[in-house]
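Student: This is the structure, below, for whatever I ask next.
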Amino acid sequence: MGAEAIMVKNAQAIRLSAEQRYADELNTLLELDNANNKPQGWNLSPKLVRQFILGNKELGISRKFFGDDPLVDRAIVSLLGKQGLMLVGKPGTAKSMLSELLAAAISGDSNLTIQGTAGTSEDHIRYAWNYALLLAEGPTERALIGSPIYHGMQQGKIVRFEEITRCPPEIQDVLVSLMSEKQMMIPEMGQSVKMSAKPGFNLIATANLHDRGVHEMSAALKRRFNFETINPITDKNFEIELIQTQLNQELGELKSQVIVPIDVIELLVTTFQELRQGQTQNGTHLKVPDAVMSTAEAVNIVYASALDAYYFGDGTLNGGQIAKQLIGVVLKDNADDIKRIQFYMDNVVRERAKHSSQWHSFYQVSKHFWK
Ligand SMILES: Nc1ncnc2c1ncn2[C@@H]1O[C@H](COP(=O)(O)OP(=O)(O)O)[C@@H](O)[C@H]1O
Ligand SMILES: [Mg+2]
């Protein structure tokens, strides 16, 4: 089978890259940009990179990252310098999303990505060889299979390194010399053969706080990065707006067929924020579940509930459907979490159910599941 037959055509892909999804917005910004103030190797000037991520209503640029605008400024400034950018935080705080958006805006390409795992090897970071060609013609450029970092250096682009702390420490350390020297030696081709990075090359790494300690990063590597911690969204209205936007994107054509009352989204956001923070709006203390309850999980819940409402219900989302979906997301395998949520249902939700129909249907359905 030829390579084309295996590749999914763009139009059919489930998920397009950021530069494809936002091609129109990026074109608008590109046309506006004045070449004079673009850093070397950058597709867009830093101010417009900022607008791409934080939005500009007049230009029709949507806001994509919510919550911490100064963090975005600092991230852009980091990438202008010699240091790499390390985004750390809990799962689902948009670390990957932000790194993808930055790469799309700065380099027009967010696909140079390494996924860190326990099995990530030096070859994934540097280069490997096509052995058939290596035997036939020796260590030629044709026989070399470059890693995303290799290509990023060669083309002067941003490279993303996801979940870097999942890699073994010796692999993390390969990065130290690459980041400080900004060049890659290729000893197989000759003693002093090396590839030097073009301007525009830099690295954005992401790391989950949950994984920390598994492979604690070396001090040497830490010094090569500016760290930015992303926190979960705490502003309720921001989170509601974000969920609505993302729900509409996910629903696509179904959007006009399902009614999603705002008080249902508010119910979900309230539940998530209270459980995340370990405290209700009135100050009642709660135990924080171990399960990840990020905005991303909230979007998944509303989306699944909307499908439930459309295919099995009357087309209008209600609190009961949210309760059903909450189970699968929050309850993985942790018995203590069951008790924590039960406490919340019995003490907080039950009270609210007396005064609100959405909370009432949320309570009724959850009672059924949590008992
Ligand atoms: N501050 C935020 N701004 C915009 N979207 C967010 C924010 N926090 C979470 N999200 C949503 O959560 C999703 C998950 O983010 P992701 O980048 O996969 O998280 P992470 O890499 O931190 O685990 C994002 O795609 C986005 O839909
Ligand atoms: Mg991620």
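Chains: A, B, ... in order of the structure tokens. Residues: from 1 per chain. Ligands: from 1, in order shown.
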Around ligand 2, at most 12 Å away and counting only C-alpha atoms and all ligand atoms, which residues are there? Put them as number ranges by chain, please.
Tutor: A: 87-100, 113-116, 160-166, 204-211, 230, 294, 296
Student: Check the DSSP output for the backbone and give back, as a VMD selection string, the residues of segment 11-156 of chain A in strand (DSSP E or B).
Tutor: chain A and resid 56 61 84 to 89 113 to 115 127 to 129 144 to 146
Student: Determine the nearest neighbour of ligand 1 from the options A:Gln246, A:Leu29, A:Leu48, A:Glu122, counting only C-alpha atoms and all ligand atoms.
Tutor: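 For ligand 1, the nearest of the candidates is A:Gln246.
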Student: Between A:Gln358, A:Ser45, A:Asn248, A:Gln342, which has the minimum distance to ligand 1 (counting only C-alpha atoms and all ligand atoms)?
Tutor: A:Asn248
Student: Taking only segment 22-235 of chain A into account, list the residues labelled helix (DSSP H, G or I) by DSSP (computed from the backbone), as a VMD selection string.
Tutor: chain A and resid 23 to 32 35 to 37 46 to 54 57 to 59 69 to 80 95 to 107 122 to 125 131 to 137 148 to 155 164 to 166 169 to 181 187 to 189 209 to 211 219 to 223
Student: Please compute the atom CA of Ala219 of chain A-atom CA of Pro199 of chain A distance, one decimal, in Å.
Tutor: 25.8 Å
Student: What's around Ile341 of chain A at 12 Å? Count only C-alpha atoms, leave out sequence neighbours fewer than 2 positions away in its own chain, and write the answer as a PyMOL selection string.
Tutor: chain A and resi 271-272+274-276+278+286-291+323+326-327+330-331+334-339+343-349+363+366-367+369-371
Student: Nearest to Val269 of chain A among A:Leu251, A:Asp235, A:Phe52, A:Arg142, with distances taken over only C-alpha atoms: which residue is it?
Tutor: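 Between A:Leu251, A:Asp235, A:Phe52, A:Arg142, the residue approaching Val269 of chain A most closely is A:Asp235.
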